[in-house]
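Chemist: The structure that follows is given in the form of structure tokens.
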Amino acid sequence: MATRASYAIRHLLARLRMLNIVIDAAANKRAKLGELFVAAGAKPDAITRGHVDAVLGYVHKLHEHLGLSVGTPPAIDDENEWEADIRNAAQADGVVLPLDALAAAFELTEFEQEALALCAAPAVDAVYGIAFAFLHDDQAARAPSIDLVASLTAPDLGTLVERRAVLGPLGRLRRLGLLAIRPRGHSYLQHELLPTDAAVHLLFGGAGDPAVLFQDPAEVAIATDAPAPLGIDLERCMKMATALVQGTIDTIGIFGGRDSTRREVVRYIAARTGHPLRRLLPAEDPRAALETAAALHAILWIDIDCFEEAALGPCAPLAVALSRGRVAAVITGTHPWRPPRVLEVRAYAEIPATEVPLALRRSLWLQELPELDHEKAGELALRFRFGGPEIRAASNMARATAHALQNGHAVHETVDDACAAIARPASIRFGRLIEARRQAADLVLPPAELRQVQDIVRLHRLAPKVLEEWGFSAKLTSAGGVKALFAGDPGTGKTLAAEIVANQLGLPLFKVDLARVVSKWVGETEKNLDAAFREAEDSHAILFFDEAEALFGARADVRTGADRYANLEVSFLLQRLDAFSGVAILASNLRDKIDAAFTRRFHVVIAFPRPQEPERRSLWRLAFPTRSDGTDILECDVDLLALARFDLTGAGIFSTAQAAAFLAADEGAEQIAMRHVVRGLARQFQREARVLTTDDLGLHACHLAEAR
């Protein structure tokens with residue numbers, strides 16, 4: 001059985017055998033022209049008609065070797081019998097010819113297939129370069145030019161002009177990355193056409209999916225049967241699409257909501273218009289993108305979130321290009337972008353994008369995963385504020401995972417992990433995601449404070465009912481998210497409590513990294529903070545600021561420029577915290593340093609006290625885990641009641657227990673003894689700049705000497 005590569009080469013040669021006829025005819029024409037030049041006194045060509053005859057003779061022998069020369073070659077427009085024979089043989093061996101695969105994948109015309117074969121000829125055999133050099137009257141031009149490829153089989157001038165456009169930068173072959181140019185001469189028609197590396201790889205039988213190897217990076221796929229976006233006024237969308245087609249408007253703005261919702265609306269509008277959709281790439285020249293969209297009768301999609309602020313100025317190339325044309329465009333972004341320079345010359349309208357309501361999210365979960373009960377669908381809708389595309393993606397992943405495992409795993413068991421995977425962003429710059437694993441039993445607080453921690457969980461779960469179903473959102477000036485302040489001494493459990501809240505809500509904890517957020521440059525801190533909030537929103541995570549007084553400190557009287565900019569940062573945080581719709585927790589060791597304006601924004605304020613002796617007893621029990629085999633890790637001489645009398649925070653107790661474990665392991669002991677704990681306790685006191693005396697230890701004072 002022949003290989004895919006052998007079939008591929010035979011197919012290309014069969015295509016080229018037909019083209020040899022027109023190459024020969026073109027060479028005759030070129031030779032006659034050369035004779036006129038010689039008669040006029042010009043020097044003869046370095047490459048002559050004889051060279052071309054030798055080339056075609058060589059190729060003819062190559063065809064004979066491969067069994068492609070039976071009978072007289074057919075005319076260029078007739079059925080190619082050799083090609084049909086090769087295709088039938090390949091199909092019998094289960095091989096799809098690469099050129100046929102490309103033609104099917106991208107609906108290539110006969111001329112586009114012919115152009116690919118002709119441009120690949122020098123890669124099939126370098127002798128073709130001699131023929132092309134003769135036709136170009138240039139020894140160095142050994143790849144076919146745009147004009148040569150377009151003219152070889154063009155029956156008339158009109159077809160020639162059309163084919164030049166097909167081979168131009170807006171043609172599919174170049175937009176998809178099948179052909180590239182090598183500049184030559186003074187006109188773009190003299191540029192040489194070369195198959196790209198990926199095209200040569202595939203055309204010569206290499207493995208690969210054409211749809212993956214060749215893509216127009218700016219082209220956006222549109223499904224005509226795509227589902228309608230959730231939470232959007234569909235009637236307004238339809239009217240906007242109609243107005244775009246009729247030219248009543250030429251620009252639509254879609255701002256706010258989730259990125260997935262905006263993307264869904266853009267595709268929905270484009271599908272209703274019947275026009276292609278192209279995206280402006282960040283590194284692309286806006287004018288060139290608009291020209292391409294105009295030539296292809298496409299809608300240009302501009303996502304301003306992909307651009308730096310400098311690129312969005314009123315005099316930036318993007319605004320200038322939009323203000324000088326009327327190509328249909330859709331502009332999307334988290335925040336509105338409405339430059340007057342653009343709006344004064346364009347017919348502009350907007351479609352507001354909002355978060356998908358809880359009821360619609362629940363309905364879509366039940367629609368996509370009928371296996372879920374109403375309670376589970378409601379829980380997912382509450383935990384993950386997904387748009388339609390994200391819900392469908394998570395549903396597909398959950399079902400595929402359950403099917404692959406085939407272990408009795410139902411969708412109920414895989415959907416949570418699928419949601420977490422979909423919610424996790426590709427990259428995080430200004431914080432880190434903490435997977436919350438700590439349980440409520442790990443938190444030791446007085447009953448009143450413990451109830452307040454649970455209040456945060458209840459408030460978040462009840463928020464959709466109160467705000468959406470009961471209509472309280474209309475009375476609020478903020479986004480309705482839950483905000484809490486944890487204040488207290490270091491080590492009293494503030495971070496642990498935030499992790500427990502995240503665990504009970506089934507969400508990750510997004511801990512903001514102050515070192516990455518704070519900048520010495522004016523205005524950069526605010527930008528970084530806004531990005532951190534967006535990363536938390538995109539992650540569907542609980543936003544956690546540790547050492548919050550560093551950012552949320554009280555505003556001071558303006559005496560220097562630094563005071564002014566510090567106050568601006570706090571003012572920005574006030575506004576951004578209002579706009580955050582999730583759970584935000586601030587932890588601070590210095591509650592008095594927090595700006596008073598934040599106080600009214602906190603739904604829950606918890607003062608974390610230092611643990612008293614009853615709490616310390618519980619903390620000491622929790623500090624020493626049980627072995628994996630179920631045996632006790634402590635020797636019988638460890639006196640937890642005596643240890644609970646020492647004034648330590650939870651963090652201090654756990655640090656002491658860990659130090660004792662390392663000391664015991666270093667000795668080769670199988671259990672932790674009181675002497676190990678006392679030595680760990682002495683080290684903890686030293687870290688806290690305190691002195692542990694024999695009187696403090698009482699009956700266990702004998703171990704203190706060992707510690708020293």
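Labeling convention for the structure tokens: chains A, B, ... as they appear, residues from 1 per chain, ligands from 1 in order of appearance.
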When DSSP works through the backbone of this structure, what residues of stretch 291-346 of chain A end up as strand (DSSP E), shown as number ranges by chain?

Modeler: A: 299-303, 329-333

Chemist: Could you name the residues that touch stretch 231-238 of chain A at 10 Å or less, counting only C-alpha atoms, but leaving out those on the same chain fewer than 2 positions away, as JSON, numbers by chain?

Modeler: {"A": [228, 229, 240, 241, 242, 243, 244, 257, 261, 262, 265, 266, 268, 269, 272, 273, 350, 351, 352, 353, 354, 355, 356, 357, 358, 360, 361, 387, 388]}

Chemist: Using only C-alpha atoms, which residue out of A:Leu507, A:Val453, A:Leu405, A:Ile633 lies closest to A:Ala664?

Modeler: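 Nearest candidate to A:Ala664 out of A:Leu507, A:Val453, A:Leu405, A:Ile633: A:Ile633.
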
Chemist: With only C-alpha atoms as the counted atoms, please give the residues lying no more than 9 Å from A:Val691, apart from itself and same-chain residues fewer than 5 positions off, as a PyMOL selection string.

Modeler: chain A and resi 682+685-686

Chemist: Take the residues that were just selected and, keeping C-alpha atoms, output them as a PDB file, in the first residue's frame.

Modeler:
ATOM      1  CA  ALA A 682      10.818  28.458  74.194  1.00  0.00           C
ATOM      2  CA  PHE A 685       8.599  32.978  73.071  1.00  0.00           C
ATOM      3  CA  GLN A 686      11.988  34.037  71.742  1.00  0.00           C
TER       4      GLN A 686
END

Chemist: Report as a VMD selection string all protein, DNA and RNA residues lying within 6 Å of stretch 541-555 of chain A, evaluated on only C-alpha atoms, omitting residues in the same chain fewer than 6 positions from it.

Modeler: chain A and resid 507 to 512 567 570 583 to 588 593 to 595

Chemist: Those same residues - N, CA and C atoms - I'd like them written as a short mmCIF file (atom, residue, chain, number, x, y, z; two decimals), in the first residue's frame.

Modeler:
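part-v7.cif was written with the following content:
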data_model
loop_
_atom_site.label_atom_id
_atom_site.label_comp_id
_atom_site.auth_asym_id
_atom_site.auth_seq_id
_atom_site.Cartn_x
_atom_site.Cartn_y
_atom_site.Cartn_z
N LEU A 507 -15.87 28.24 46.76
CA LEU A 507 -15.16 29.15 45.86
C LEU A 507 -13.70 29.24 46.26
N PRO A 508 -12.81 29.55 45.32
CA PRO A 508 -11.40 29.78 45.68
C PRO A 508 -11.24 31.12 46.38
N LEU A 509 -10.12 31.28 47.06
CA LEU A 509 -9.80 32.52 47.75
C LEU A 509 -8.73 33.25 46.94
N PHE A 510 -9.03 34.46 46.50
CA PHE A 510 -8.08 35.25 45.71
C PHE A 510 -7.39 36.22 46.66
N LYS A 511 -6.13 35.94 47.00
CA LYS A 511 -5.37 36.78 47.93
C LYS A 511 -4.54 37.77 47.13
N VAL A 512 -4.82 39.05 47.32
CA VAL A 512 -4.14 40.10 46.58
C VAL A 512 -2.70 40.21 47.05
N ASN A 567 -4.56 59.83 48.82
CA ASN A 567 -5.99 59.99 48.99
C ASN A 567 -6.76 59.53 47.76
N VAL A 570 -7.23 55.76 47.86
CA VAL A 570 -8.29 55.35 48.78
C VAL A 570 -9.66 55.64 48.16
N VAL A 583 -17.84 38.50 47.09
CA VAL A 583 -17.50 38.62 48.51
C VAL A 583 -16.08 39.19 48.62
N ALA A 584 -15.95 40.29 49.36
CA ALA A 584 -14.64 40.91 49.59
C ALA A 584 -14.38 40.94 51.09
N ILE A 585 -13.21 40.44 51.50
CA ILE A 585 -12.85 40.40 52.91
C ILE A 585 -11.54 41.15 53.10
N LEU A 586 -11.54 42.09 54.04
CA LEU A 586 -10.34 42.84 54.39
C LEU A 586 -9.89 42.40 55.78
N ALA A 587 -8.62 42.08 55.92
CA ALA A 587 -8.06 41.70 57.21
C ALA A 587 -7.03 42.74 57.62
N SER A 588 -7.10 43.18 58.88
CA SER A 588 -6.19 44.21 59.33
C SER A 588 -5.83 44.00 60.80
N LYS A 593 -6.69 52.26 61.69
CA LYS A 593 -6.04 52.88 60.55
C LYS A 593 -6.88 52.82 59.28
N ILE A 594 -7.95 52.03 59.29
CA ILE A 594 -8.82 51.91 58.11
C ILE A 594 -9.65 53.18 57.97
N ASP A 595 -9.76 53.71 56.76
CA ASP A 595 -10.52 54.93 56.52
C ASP A 595 -11.98 54.74 56.95
#

Chemist: Go through A:Val411, A:Val501, A:Leu343, A:Ala180 and flag the residue nearest A:Pro370, using only C-alpha atoms for the distances.

Modeler: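 With only C-alpha atoms as the atom set, the closest residue is A:Val411.
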
Chemist: Residues within 9 Å of A:Glu390, please, as JSON, numbers by chain. Count only C-alpha atoms; anything in the same chain fewer than 5 positions from it doesn't count.

Modeler: {"A": [260, 395, 419, 422, 423]}

Chemist: Suppose you want the space between atom CA of A:Glu526 and atom CA of A:Pro340; what is it in Å?

Modeler: 25.0 Å

Chemist: Suppose you want the space between atom CA of A:Glu107 and atom CA of A:Leu173; what is it in Å?

Modeler: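 Separating atom CA of A:Glu107 from atom CA of A:Leu173 is a distance of 11.1 Å.
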
Chemist: Give me the residues within 7 Å of A:Val327 as number ranges by chain, counting only C-alpha atoms and dropping any in the same chain fewer than 2 places off.

Modeler: A: 250, 290, 294, 325, 329

Chemist: Identify which of the residues A:Leu230, A:Ile252, A:Leu577, A:Ala223 lies closest to A:Arg362, counting only C-alpha atoms when measuring atom-to-atom distances.

Modeler: A:Leu230

Chemist: Mind checking which residues fall within 10 Å of A:Ser151, counting only C-alpha atoms, ignoring those fewer than 2 positions away in the same chain, and posting them as a list in words?

Modeler: Val22, Ala26, Ser145, Ile146, Asp147, Leu148, Val149, Thr153, Ala154, Pro155, Asp156, Leu157, Thr159, Leu160, Val161, Arg163 and Arg164 of chain A

Chemist: Considering only C-alpha atoms, can you say which of A:Gln367, A:Phe624, A:Arg172, A:Arg258 comes closest to A:Phe111?

Modeler: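 With only C-alpha atoms as the atom set, the closest residue is A:Arg172.
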
Chemist: Please determine, counting only C-alpha atoms, which residue among A:Thr401, A:Glu449, A:Leu322, A:Pro609 has the shortest atom-to-atom distance to A:Arg338.

Modeler: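 Going through A:Thr401, A:Glu449, A:Leu322, A:Pro609 one by one, the smallest distance to A:Arg338 is for A:Leu322.
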
Chemist: Of the candidates A:Ala133, A:Ala143, A:Ile222, A:Leu281, which one gets nearest to A:Arg263 if we count only C-alpha atoms?

Modeler: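 Once distances to A:Arg263 are computed over only C-alpha atoms, the minimum belongs to A:Ile222.
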